[in-house]
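Student: What follows is work-v4.tsv, TSV, C-alpha atoms and all ligand atoms.
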```tsv
chain	number	residue	atom	x	y	z
A	1	MET	CA	-28.42	-16.72	5.71
A	2	GLU	CA	-26.44	-13.68	4.58
A	3	LYS	CA	-25.15	-11.57	7.47
A	4	PHE	CA	-26.08	-7.90	7.57
A	5	TYR	CA	-23.74	-5.07	8.67
A	6	ASP	CA	-24.00	-1.29	8.94
A	7	VAL	CA	-20.55	-1.04	7.43
A	8	VAL	CA	-18.11	-3.47	5.83
A	9	ILE	CA	-14.52	-2.26	5.57
A	10	ILE	CA	-12.35	-3.92	2.92
A	11	GLY	CA	-8.62	-3.77	3.77
A	12	GLY	CA	-6.63	-4.39	6.95
A	13	GLY	CA	-3.88	-1.76	6.66
A	14	PRO	CA	-3.61	1.52	8.60
A	15	ALA	CA	-6.57	3.07	6.69
A	16	GLY	CA	-8.94	0.13	7.14
A	17	LEU	CA	-8.00	-0.54	10.76
A	18	THR	CA	-8.44	3.12	11.73
A	19	ALA	CA	-11.81	3.16	9.94
A	20	GLY	CA	-12.66	-0.03	11.89
A	21	LEU	CA	-11.68	1.58	15.18
A	22	TYR	CA	-13.84	4.65	14.56
A	23	ALA	CA	-16.81	2.71	13.15
A	24	SER	CA	-16.95	0.19	16.00
A	25	ARG	CA	-16.34	2.85	18.62
A	26	GLY	CA	-19.21	4.81	16.97
A	27	ALA	CA	-21.46	1.79	17.71
A	28	LEU	CA	-21.90	0.74	14.07
A	29	LYS	CA	-22.18	-2.98	13.42
A	30	SER	CA	-18.89	-3.22	11.60
A	31	LEU	CA	-16.88	-5.94	9.88
A	32	LEU	CA	-13.35	-5.55	8.52
A	33	ILE	CA	-12.17	-7.96	5.83
A	34	GLU	CA	-8.42	-8.24	5.33
A	35	GLY	CA	-7.11	-10.08	2.29
A	36	ASN	CA	-5.52	-13.49	2.61
A	37	ALA	CA	-3.58	-13.07	-0.62
A	38	SER	CA	-1.97	-9.73	0.26
A	39	VAL	CA	-0.71	-7.84	3.31
A	40	SER	CA	-0.57	-4.20	4.37
A	41	GLN	CA	2.36	-2.51	2.64
A	42	ILE	CA	3.66	-1.17	5.94
A	43	THR	CA	4.30	-4.69	7.23
A	44	LEU	CA	7.02	-4.90	4.56
A	45	THR	CA	9.24	-2.31	6.23
A	46	ASP	CA	11.41	-2.95	9.27
A	47	ILE	CA	11.19	0.55	10.71
A	48	VAL	CA	8.67	3.40	10.54
A	49	GLU	CA	10.32	6.61	11.72
A	50	ASN	CA	7.67	9.15	10.82
A	51	TYR	CA	4.51	7.98	12.56
A	52	PRO	CA	3.96	10.35	15.51
A	53	GLY	CA	4.16	8.97	19.02
A	54	PHE	CA	7.11	6.64	18.39
A	55	PRO	CA	10.25	8.82	18.69
A	56	ASP	CA	12.54	5.78	18.36
A	57	GLY	CA	10.60	4.37	15.42
A	58	ILE	CA	8.51	1.21	15.33
A	59	GLY	CA	8.47	-1.90	13.11
A	60	GLY	CA	5.75	-1.89	10.42
A	61	TRP	CA	4.34	-5.24	11.55
A	62	GLU	CA	4.30	-4.17	15.20
A	63	LEU	CA	2.49	-0.93	14.34
A	64	VAL	CA	-0.27	-2.77	12.46
A	65	GLU	CA	-0.62	-5.20	15.38
A	66	LYS	CA	-1.19	-2.23	17.71
A	67	PHE	CA	-3.84	-0.79	15.34
A	68	ARG	CA	-5.55	-4.18	15.21
A	69	LYS	CA	-5.56	-4.64	19.00
A	70	GLN	CA	-7.06	-1.19	19.53
A	71	ALA	CA	-9.82	-1.71	16.94
A	72	LEU	CA	-10.75	-5.16	18.33
A	73	LYS	CA	-11.08	-3.63	21.79
A	74	PHE	CA	-14.08	-1.62	20.57
A	75	GLY	CA	-15.88	-4.65	19.12
A	76	LEU	CA	-14.78	-4.60	15.49
A	77	GLU	CA	-15.44	-7.98	13.82
A	78	MET	CA	-12.58	-9.13	11.59
A	79	MET	CA	-12.29	-11.76	8.90
A	80	THR	CA	-9.34	-12.87	6.78
A	81	THR	CA	-10.50	-13.71	3.27
A	82	ASN	CA	-10.45	-12.26	-0.21
A	83	VAL	CA	-13.30	-10.08	-1.40
A	84	LYS	CA	-14.22	-11.31	-4.87
A	85	GLY	CA	-16.86	-8.78	-5.90
A	86	ILE	CA	-19.33	-6.09	-4.89
A	87	ILE	CA	-22.87	-5.77	-6.26
A	88	LYS	CA	-25.59	-3.20	-5.67
A	89	ILE	CA	-28.67	-5.22	-4.69
A	90	GLU	CA	-31.43	-2.84	-3.67
A	91	GLU	CA	-32.14	0.86	-3.89
A	92	LYS	CA	-35.06	2.27	-1.90
A	93	THR	CA	-33.81	5.18	0.20
A	94	ALA	CA	-30.19	4.10	-0.34
A	95	PRO	CA	-28.49	1.14	-2.01
A	96	LEU	CA	-27.55	-2.03	-0.16
A	97	TRP	CA	-24.26	-3.70	-1.11
A	98	GLN	CA	-23.60	-7.40	-1.43
A	99	VAL	CA	-19.98	-8.36	-0.79
A	100	SER	CA	-18.94	-11.77	-2.19
A	101	ILE	CA	-16.22	-13.59	-0.33
A	102	GLU	CA	-14.79	-17.09	-0.72
A	103	GLU	CA	-17.17	-18.38	2.00
A	104	GLY	CA	-20.39	-16.82	0.60
A	105	ALA	CA	-21.81	-13.30	0.75
A	106	LEU	CA	-22.49	-10.46	3.22
A	107	ILE	CA	-24.84	-7.51	3.00
A	108	SER	CA	-23.93	-4.01	4.11
A	109	GLN	CA	-25.57	-0.62	4.13
A	110	ALA	CA	-22.22	1.14	3.65
A	111	LEU	CA	-18.81	0.10	2.37
A	112	ILE	CA	-15.40	1.53	3.13
A	113	ILE	CA	-12.77	0.61	0.54
A	114	ALA	CA	-9.25	0.56	2.01
A	115	THR	CA	-7.47	-1.85	-0.32
A	116	GLY	CA	-4.17	0.04	-0.54
A	117	ALA	CA	-1.81	-0.12	-3.49
A	118	SER	CA	0.77	-2.45	-5.06
A	119	TRP	CA	4.21	-1.82	-6.46
A	120	ARG	CA	4.58	-1.19	-10.19
A	121	LYS	CA	6.83	-3.38	-12.27
A	122	LEU	CA	9.53	-2.17	-14.66
A	123	ASN	CA	8.06	-4.42	-17.38
A	124	VAL	CA	11.44	-5.34	-18.85
A	125	PRO	CA	12.62	-8.75	-20.10
A	126	GLY	CA	13.75	-11.02	-17.29
A	127	GLU	CA	11.74	-9.28	-14.55
A	128	ASP	CA	8.90	-11.79	-14.30
A	129	THR	CA	11.01	-14.90	-14.76
A	130	LEU	CA	13.50	-13.83	-12.05
A	131	ILE	CA	11.00	-12.69	-9.36
A	132	GLY	CA	12.04	-14.36	-6.12
A	133	ARG	CA	15.42	-15.28	-7.66
A	134	GLY	CA	17.04	-11.86	-7.48
A	135	VAL	CA	14.18	-9.57	-8.49
A	136	SER	CA	12.46	-8.15	-5.39
A	137	TYR	CA	9.96	-5.44	-4.43
A	138	CYS	CA	10.67	-5.65	-0.68
A	139	ALA	CA	14.09	-4.96	0.82
A	140	THR	CA	12.92	-5.82	4.33
A	141	CYS	CA	11.85	-9.23	3.18
A	142	ASP	CA	14.87	-10.08	1.03
A	143	ALA	CA	17.86	-7.93	2.09
A	144	PRO	CA	19.41	-10.61	4.37
A	145	PHE	CA	19.88	-12.86	1.30
A	146	TYR	CA	22.38	-10.34	-0.11
A	147	ARG	CA	24.92	-10.24	2.71
A	148	ASN	CA	28.28	-9.18	1.21
A	149	LEU	CA	26.84	-9.24	-2.32
A	150	GLU	CA	26.22	-6.46	-4.83
A	151	VAL	CA	22.69	-5.21	-5.57
A	152	ALA	CA	20.88	-2.49	-7.50
A	153	VAL	CA	17.88	-0.41	-6.43
A	154	VAL	CA	15.73	1.20	-9.14
A	155	GLY	CA	13.82	4.42	-8.36
A	156	GLY	CA	14.31	7.89	-6.90
A	157	GLY	CA	11.46	8.41	-4.41
A	158	ASP	CA	11.34	8.05	-0.61
A	159	THR	CA	10.97	4.27	-0.66
A	160	ALA	CA	13.81	3.67	-3.16
A	161	VAL	CA	16.22	5.83	-1.15
A	162	GLN	CA	15.13	4.48	2.25
A	163	GLU	CA	15.46	0.90	1.08
A	164	ALA	CA	18.84	1.54	-0.62
A	165	ILE	CA	20.17	2.81	2.72
A	166	PHE	CA	18.67	-0.17	4.55
A	167	LEU	CA	20.28	-2.58	2.06
A	168	THR	CA	23.77	-1.26	2.92
A	169	GLN	CA	23.40	-3.07	6.27
A	170	PHE	CA	23.74	-6.30	4.26
A	171	ALA	CA	25.08	-5.76	0.73
A	172	ARG	CA	28.70	-4.69	0.21
A	173	ARG	CA	27.68	-2.32	-2.62
A	174	VAL	CA	24.32	-0.80	-3.60
A	175	HIS	CA	23.83	0.89	-6.98
A	176	LEU	CA	20.88	3.29	-7.04
A	177	ILE	CA	19.68	3.63	-10.63
A	178	HIS	CA	17.49	6.64	-11.34
A	179	ARG	CA	16.20	7.85	-14.68
A	180	ARG	CA	16.38	11.56	-13.77
A	181	ASN	CA	19.27	13.81	-12.65
A	182	ARG	CA	17.72	14.50	-9.24
A	183	LEU	CA	15.82	12.54	-6.61
A	184	ARG	CA	12.21	12.97	-5.46
A	185	ALA	CA	12.98	11.64	-1.96
A	186	ALA	CA	12.74	13.80	1.20
A	187	GLY	CA	15.80	15.98	1.97
A	188	VAL	CA	16.77	14.09	5.11
A	189	LEU	CA	16.83	10.78	3.22
A	190	GLN	CA	18.88	12.30	0.39
A	191	GLN	CA	21.45	13.56	2.92
A	192	ARG	CA	21.81	10.06	4.42
A	193	LEU	CA	22.12	8.57	0.95
A	194	PHE	CA	24.86	10.95	-0.18
A	195	GLN	CA	26.81	10.34	3.03
A	196	ASN	CA	26.73	6.56	2.63
A	197	ASP	CA	29.91	5.41	0.91
A	198	ARG	CA	28.48	1.97	0.09
A	199	ILE	CA	25.98	3.56	-2.31
A	200	ASN	CA	26.81	4.40	-5.91
A	201	ILE	CA	24.22	6.55	-7.70
A	202	ILE	CA	23.80	5.98	-11.43
A	203	TRP	CA	21.95	9.03	-12.75
A	204	GLU	CA	19.78	9.42	-15.87
A	205	THR	CA	19.80	5.71	-16.53
A	206	VAL	CA	17.13	3.06	-17.11
A	207	VAL	CA	17.18	-0.73	-16.82
A	208	GLU	CA	16.44	-2.34	-20.19
A	209	GLU	CA	16.82	-6.00	-19.26
A	210	ILE	CA	17.47	-8.22	-16.26
A	211	LYS	CA	19.68	-11.17	-17.13
A	212	GLY	CA	20.20	-14.32	-15.12
A	213	LYS	CA	20.03	-18.07	-15.00
A	214	GLU	CA	18.36	-20.64	-12.75
A	215	GLY	CA	20.55	-19.53	-9.86
A	216	GLY	CA	19.30	-15.94	-10.04
A	217	VAL	CA	20.07	-12.47	-11.37
A	218	GLU	CA	23.54	-12.00	-12.86
A	219	GLU	CA	23.50	-8.61	-14.57
A	220	LEU	CA	21.40	-5.65	-15.67
A	221	VAL	CA	21.47	-4.10	-19.11
A	222	ILE	CA	21.34	-0.37	-18.42
A	223	LYS	CA	21.06	2.60	-20.77
A	224	HIS	CA	22.36	6.09	-20.04
A	225	LEU	CA	19.57	8.30	-21.44
A	226	PRO	CA	21.52	11.44	-22.49
A	227	THR	CA	24.15	9.48	-24.49
A	228	GLY	CA	22.23	6.31	-25.37
A	229	GLU	CA	25.23	4.28	-24.17
A	230	VAL	CA	24.33	0.74	-23.13
A	231	ASN	CA	26.31	-1.11	-20.44
A	232	ASN	CA	26.10	-4.27	-18.39
A	233	LEU	CA	26.09	-3.97	-14.60
A	234	LYS	CA	26.97	-7.13	-12.68
A	235	VAL	CA	24.67	-7.53	-9.64
A	236	ASP	CA	23.30	-10.38	-7.57
A	237	GLY	CA	19.89	-8.81	-7.06
A	238	VAL	CA	17.70	-5.88	-8.06
A	239	PHE	CA	15.10	-4.14	-5.89
A	240	ILE	CA	12.43	-2.23	-7.82
A	241	PHE	CA	10.64	0.80	-6.33
A	242	VAL	CA	9.17	2.72	-9.27
A	243	GLY	CA	5.71	3.68	-8.10
A	244	LEU	CA	2.35	2.38	-7.10
A	245	ARG	CA	-0.79	0.93	-8.65
A	246	PRO	CA	-3.92	1.44	-6.51
A	247	ASN	CA	-5.73	-1.88	-5.78
A	248	THR	CA	-9.10	-0.87	-7.16
A	249	ASP	CA	-10.12	-3.69	-9.55
A	250	LEU	CA	-12.95	-4.53	-7.13
A	251	VAL	CA	-14.69	-1.19	-7.66
A	252	LYS	CA	-13.87	-0.60	-11.34
A	253	GLY	CA	-17.12	0.37	-13.06
A	254	ILE	CA	-18.82	1.03	-9.69
A	255	VAL	CA	-17.09	4.22	-8.49
A	256	ASP	CA	-15.23	6.90	-10.45
A	257	LEU	CA	-11.48	6.36	-10.76
A	258	THR	CA	-8.61	8.54	-12.00
A	259	GLN	CA	-6.66	7.54	-15.12
A	260	GLU	CA	-4.14	5.86	-12.81
A	261	GLY	CA	-6.95	3.81	-11.24
A	262	ALA	CA	-7.15	5.66	-7.89
A	263	ILE	CA	-10.59	6.15	-6.31
A	264	ILE	CA	-11.82	9.73	-6.52
A	265	VAL	CA	-13.13	10.91	-3.13
A	266	ASP	CA	-14.42	14.23	-1.86
A	267	GLN	CA	-13.24	15.93	1.34
A	268	GLU	CA	-15.43	13.58	3.38
A	269	MET	CA	-14.06	10.42	1.71
A	270	ARG	CA	-17.30	9.87	-0.23
A	271	THR	CA	-16.95	8.21	-3.63
A	272	SER	CA	-19.23	8.78	-6.63
A	273	GLN	CA	-21.58	6.00	-5.29
A	274	VAL	CA	-23.96	6.70	-2.43
A	275	GLY	CA	-22.93	4.54	0.54
A	276	ILE	CA	-19.40	3.76	-0.67
A	277	PHE	CA	-16.53	5.56	1.06
A	278	ALA	CA	-12.80	5.07	0.46
A	279	CYS	CA	-9.57	5.85	2.30
A	280	GLY	CA	-5.80	5.41	2.23
A	281	ASP	CA	-3.49	4.52	-0.65
A	282	CYS	CA	-6.28	3.29	-2.96
A	283	THR	CA	-7.60	6.87	-3.24
A	284	ALA	CA	-6.35	9.78	-5.37
A	285	LYS	CA	-4.00	11.72	-3.06
A	286	LYS	CA	-0.61	13.40	-2.93
A	287	LEU	CA	0.96	11.83	0.17
A	288	ARG	CA	0.69	8.06	0.62
A	289	GLN	CA	1.84	7.44	4.19
A	290	VAL	CA	0.60	5.73	7.35
A	291	VAL	CA	-0.34	8.99	9.03
A	292	THR	CA	-2.46	10.16	6.07
A	293	ALA	CA	-4.02	6.69	5.68
A	294	CYS	CA	-5.11	6.82	9.34
A	295	GLY	CA	-6.57	10.33	8.94
A	296	ASP	CA	-8.49	9.21	5.84
A	297	GLY	CA	-9.74	6.11	7.65
A	298	ALA	CA	-11.09	8.09	10.59
A	299	LEU	CA	-12.89	10.50	8.28
A	300	ALA	CA	-14.33	7.72	6.08
A	301	ALA	CA	-15.78	5.99	9.15
A	302	TYR	CA	-17.21	9.23	10.53
A	303	SER	CA	-18.87	10.01	7.18
A	304	ALA	CA	-20.25	6.46	7.01
A	305	GLN	CA	-21.62	6.90	10.52
A	306	LEU	CA	-23.42	10.15	9.64
A	307	PHE	CA	-24.79	8.49	6.49
A	308	ILE	CA	-26.18	5.51	8.45
A	309	GLU	CA	-27.56	7.64	11.27
A	310	ASP	CA	-29.38	9.75	8.68
A	311	LEU	CA	-30.91	6.63	7.14
A	312	LYS	CA	-32.02	5.41	10.55
A	313	GLY	CA	-33.24	8.89	11.53
A	314	GLU	CA	-30.89	8.86	14.49
A	315	ARG	CA	-28.62	11.75	13.65
A	316	TYR	CA	-27.97	14.19	16.48
A	317	PRO	CA	-27.62	17.88	15.68
A	318	ARG	CA	-23.81	18.45	15.65
B	401	LIG	C1	8.58	-0.84	1.68
B	401	LIG	C2	7.64	0.26	2.18
B	401	LIG	C3	8.07	1.15	3.15
B	401	LIG	C4	7.20	2.16	3.63
B	401	LIG	N1	7.64	3.00	4.61
B	401	LIG	C5	6.80	3.92	5.14
B	401	LIG	C6	7.20	4.74	6.23
B	401	LIG	O1	8.34	4.64	6.73
B	401	LIG	N2	6.31	5.64	6.74
B	401	LIG	C7	5.04	5.76	6.24
B	401	LIG	O2	4.27	6.57	6.77
B	401	LIG	N3	4.64	5.01	5.19
B	401	LIG	C8	5.47	4.10	4.62
B	401	LIG	N4	5.07	3.32	3.56
B	401	LIG	C9	3.73	3.59	2.98
B	401	LIG	C10	2.62	2.93	3.81
B	401	LIG	O3	2.92	1.55	3.95
B	401	LIG	C11	1.26	3.10	3.14
B	401	LIG	O4	1.03	4.46	2.88
B	401	LIG	C12	0.15	2.56	4.03
B	401	LIG	O5	0.37	1.20	4.38
B	401	LIG	C13	-1.20	2.70	3.34
B	401	LIG	O6	-2.18	2.13	4.15
B	401	LIG	P1	-3.52	1.52	3.50
B	401	LIG	O7	-4.28	1.00	4.65
B	401	LIG	O8	-4.12	2.51	2.59
B	401	LIG	O9	-3.04	0.31	2.55
B	401	LIG	P2	-2.24	-1.02	2.88
B	401	LIG	O10	-1.40	-0.84	4.11
B	401	LIG	O11	-1.55	-1.44	1.65
B	401	LIG	O12	-3.36	-2.10	3.22
B	401	LIG	C14	-4.21	-2.61	2.20
B	401	LIG	C15	-5.04	-3.74	2.77
B	401	LIG	O13	-6.05	-4.12	1.80
B	401	LIG	C16	-6.13	-5.52	1.74
B	401	LIG	N5	-6.73	-5.92	0.45
B	401	LIG	C17	-6.37	-5.57	-0.82
B	401	LIG	N6	-7.18	-6.14	-1.72
B	401	LIG	C18	-8.11	-6.86	-1.01
B	401	LIG	C19	-9.23	-7.68	-1.36
B	401	LIG	N7	-9.62	-7.90	-2.62
B	401	LIG	N8	-9.95	-8.26	-0.35
B	401	LIG	C20	-9.62	-8.06	0.95
B	401	LIG	N9	-8.57	-7.29	1.33
B	401	LIG	C21	-7.82	-6.70	0.37
B	401	LIG	C22	-4.69	-5.99	1.96
B	401	LIG	O14	-4.63	-7.34	2.38
B	401	LIG	C23	-4.25	-5.02	3.08
B	401	LIG	O15	-4.69	-5.53	4.31
B	401	LIG	C24	5.90	2.31	3.07
B	401	LIG	C25	5.48	1.41	2.08
B	401	LIG	C26	6.33	0.39	1.64
B	401	LIG	C27	5.86	-0.57	0.59
```
Turn the structure described in the file into structure tokens.
Ligand SMILES: Cc1cc2nc3c(=O)[nH]c(=O)nc-3n(C[C@H](O)[C@H](O)[C@H](O)COP(=O)(O)OP(=O)(O)OC[C@H]3O[C@@H](n4cnc5c(N)ncnc54)[C@H](O)[C@@H]3O)c2cc1C
Tutor:
Amino acid sequence: MEKFYDVVIIGGGPAGLTAGLYASRGALKSLLIEGNASVSQITLTDIVENYPGFPDGIGGWELVEKFRKQALKFGLEMMTTNVKGIIKIEEKTAPLWQVSIEEGALISQALIIATGASWRKLNVPGEDTLIGRGVSYCATCDAPFYRNLEVAVVGGGDTAVQEAIFLTQFARRVHLIHRRNRLRAAGVLQQRLFQNDRINIIWETVVEEIKGKEGGVEELVIKHLPTGEVNNLKVDGVFIFVGLRPNTDLVKGIVDLTQEGAIIVDQEMRTSQVGIFACGDCTAKKLRQVVTACGDGALAAYSAQLFIEDLKGERYPR
């Protein structure tokens, strides 16, 4: 028989786990499904310095473990599997949602989508064929392979700069390649970057091709945009941090999305579908960080709670 929940949360990152904490603590029958083919982005970083309450920083994995422990304490059910699809199955006073997973299906009155985002590719020749052999999207995972070698980082935002600095703990030289003549990263990160003499910044330049053989990446073909000059840069690896793609394929055609594919939510984290709420990096927002994902998650769960209490006629005057 299909199991029935008040709320099913899809995603086990900071947004989903905070939603799970609030929903279970609010006495909703709640299930959180975390993917088995993907992980929370924050588990990819070795140190989180800007989540309040940890003045010495905390590892990304450790932080998520703490979120998980706290949510489980309040009775949140959790499952590790991939959600394959969502279907609206009934609409009397409000729709019911069927969530298909590898093991069958579940029914829920409300859904909270917290599926995060994935890194964008450069889409240049050589990128796909050399993934895992010199092309990487995670410095924390792969930096130790580049001890005393030379690498490039592509991008100019917080993550590119932070990861370029981190890579200098291993690589002897890090080239930061950025297509503009200034960085988007936070001031404090820029200061650390400029002070680091292992980092060489290559301004107003794009990567046109990644060349390598079986053994891995050997060089990048780079183009200086103002002059059109093309050069080869010898590196042993390239780390790509050029933006995000929200993971929203599951809800395409069900809720309204922006052109970039982010879920449009109102101030209460409601989507365009009654009973579907969304939070964190999969939504349209300016600041994609742990602290904002947690805030979104709390609000999404609270809104879901009010929605369900209304349906059950249990809502207290607040
Ligand atoms: C390298 C790196 C460094 C970062 N450093 C910082 C930092 O220092 N400070 C900071 O505040 N932020 C940092 N961030 C950003 C931060 O990681 C994100 O803002 C945050 O993780 C967003 O949380 P989320 O819960 O929305 O998404 P995520 O953490 O990405 O979690 C998404 C969840 O959805 C699940 N999922 C996706 N699709 C499915 C599916 N079909 N079925 C089931 N589950 C699914 C995934 O398995 C995962 O559990 C960093 C990000 C990266 C990549």
Student: Using only C-alpha atoms, which residues sit within 10 Å of stretch 38-48 of chain A once same-chain residues fewer than 4 positions away are excluded, as a PyMOL selection string?
Tutor: chain A and resi 11-16+34+52+54-65+81-82+115-119+137-141+159+162-163+166+281+289-290
Student: Which is closer to ligand LIG 401 (chain B) than all the others in A:Trp97, A:Phe241, A:Tyr146, A:Phe4, using all atoms listed in the file?
Tutor: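 Counting all atoms listed in the file, the residue closest to ligand LIG 401 (chain B) is A:Phe241.
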Student: Around all of stretch 8-26 of chain A's listed atoms, make the axis-aligned box with 8 Å on each side and tell me centre and edge lengths in Å to one decimal, as JSON.
Tutor:
```
{"center_x": -11.4, "center_y": 0.2, "center_z": 10.8, "size_x": 31.6, "size_y": 25.2, "size_z": 31.7}
```
Student: For a quick check of understanding, using only C-alpha atoms and all ligand atoms, which of A:Leu32, A:Leu122, A:Ile308, A:Leu167 has the smallest distance to ligand LIG 401 (chain B)?
Tutor: A:Leu32
Student: Report the distance between atom N6 of ligand LIG 401 (chain B) and atom CA of A:Ala284 in Å, rounded to one decimal place.
Tutor: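 Result for atom N6 of ligand LIG 401 (chain B) versus atom CA of A:Ala284: 16.4 Å, one decimal.
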Student: Could you check which of A:Glu204, A:Asp236, A:Asp249, A:Glu77 is closest to A:Lys223, using all atoms listed in the file?
Tutor: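 The closest residue to A:Lys223 is A:Glu204.
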Student: Could you give me, as a ChimeraX atom specification, the residues that sit within 7 Å of (-18.2, 0.3, 19.6) in the file's coordinates, counting only C-alpha atoms?
Tutor: /A:24-28,74-75
Student: Which one of A:Gly20, A:Gly295, A:Ile276, A:Leu244 sits closest to A:Asp256 if you count only C-alpha atoms?
Tutor: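 Comparing A:Gly20, A:Gly295, A:Ile276, A:Leu244 against A:Asp256, the winner is A:Ile276.
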Student: From the options A:Arg270, A:Arg120, A:Lys92, A:Lys211, which residue's atoms come nearest to ligand LIG 401 (chain B), counting only C-alpha atoms and all ligand atoms?
Tutor: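 Smallest separation from ligand LIG 401 (chain B) among the options: A:Arg120.
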Student: List the spatial neighbours of A:Ile165 as a short mmCIF file (atom, residue, chain, number, x, y, z; two decimals) with C-alpha atoms, in the frame of the given file - criterion: any atom at most 12 Å away, all atoms listed in the file, same-chain residues fewer than 5 positions off excluded.
Tutor:
```cif
data_model
loop_
_atom_site.label_atom_id
_atom_site.label_comp_id
_atom_site.auth_asym_id
_atom_site.auth_seq_id
_atom_site.Cartn_x
_atom_site.Cartn_y
_atom_site.Cartn_z
CA ALA A 139 14.09 -4.96 0.82
CA THR A 140 12.92 -5.82 4.33
CA ALA A 143 17.86 -7.93 2.09
CA VAL A 151 22.69 -5.21 -5.57
CA ALA A 152 20.88 -2.49 -7.50
CA VAL A 153 17.88 -0.41 -6.43
CA ASP A 158 11.34 8.05 -0.61
CA THR A 159 10.97 4.27 -0.66
CA ALA A 160 13.81 3.67 -3.16
CA PHE A 170 23.74 -6.30 4.26
CA ALA A 171 25.08 -5.76 0.73
CA ARG A 172 28.70 -4.69 0.21
CA ARG A 173 27.68 -2.32 -2.62
CA VAL A 174 24.32 -0.80 -3.60
CA HIS A 175 23.83 0.89 -6.98
CA LEU A 176 20.88 3.29 -7.04
CA LEU A 189 16.83 10.78 3.22
CA GLN A 190 18.88 12.30 0.39
CA GLN A 191 21.45 13.56 2.92
CA ARG A 192 21.81 10.06 4.42
CA LEU A 193 22.12 8.57 0.95
CA PHE A 194 24.86 10.95 -0.18
CA GLN A 195 26.81 10.34 3.03
CA ASN A 196 26.73 6.56 2.63
CA ASP A 197 29.91 5.41 0.91
CA ARG A 198 28.48 1.97 0.09
CA ILE A 199 25.98 3.56 -2.31
CA ASN A 200 26.81 4.40 -5.91
CA ILE A 201 24.22 6.55 -7.70
#
```
Student: Which residue gives the smallest distance to ligand LIG 401 (chain B) among A:Ile263, A:Ala110, A:Cys279, A:Ala186, with all atoms listed in the file counted?
Tutor: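 Of A:Ile263, A:Ala110, A:Cys279, A:Ala186, the one nearest ligand LIG 401 (chain B) is A:Cys279, counting all atoms listed in the file.
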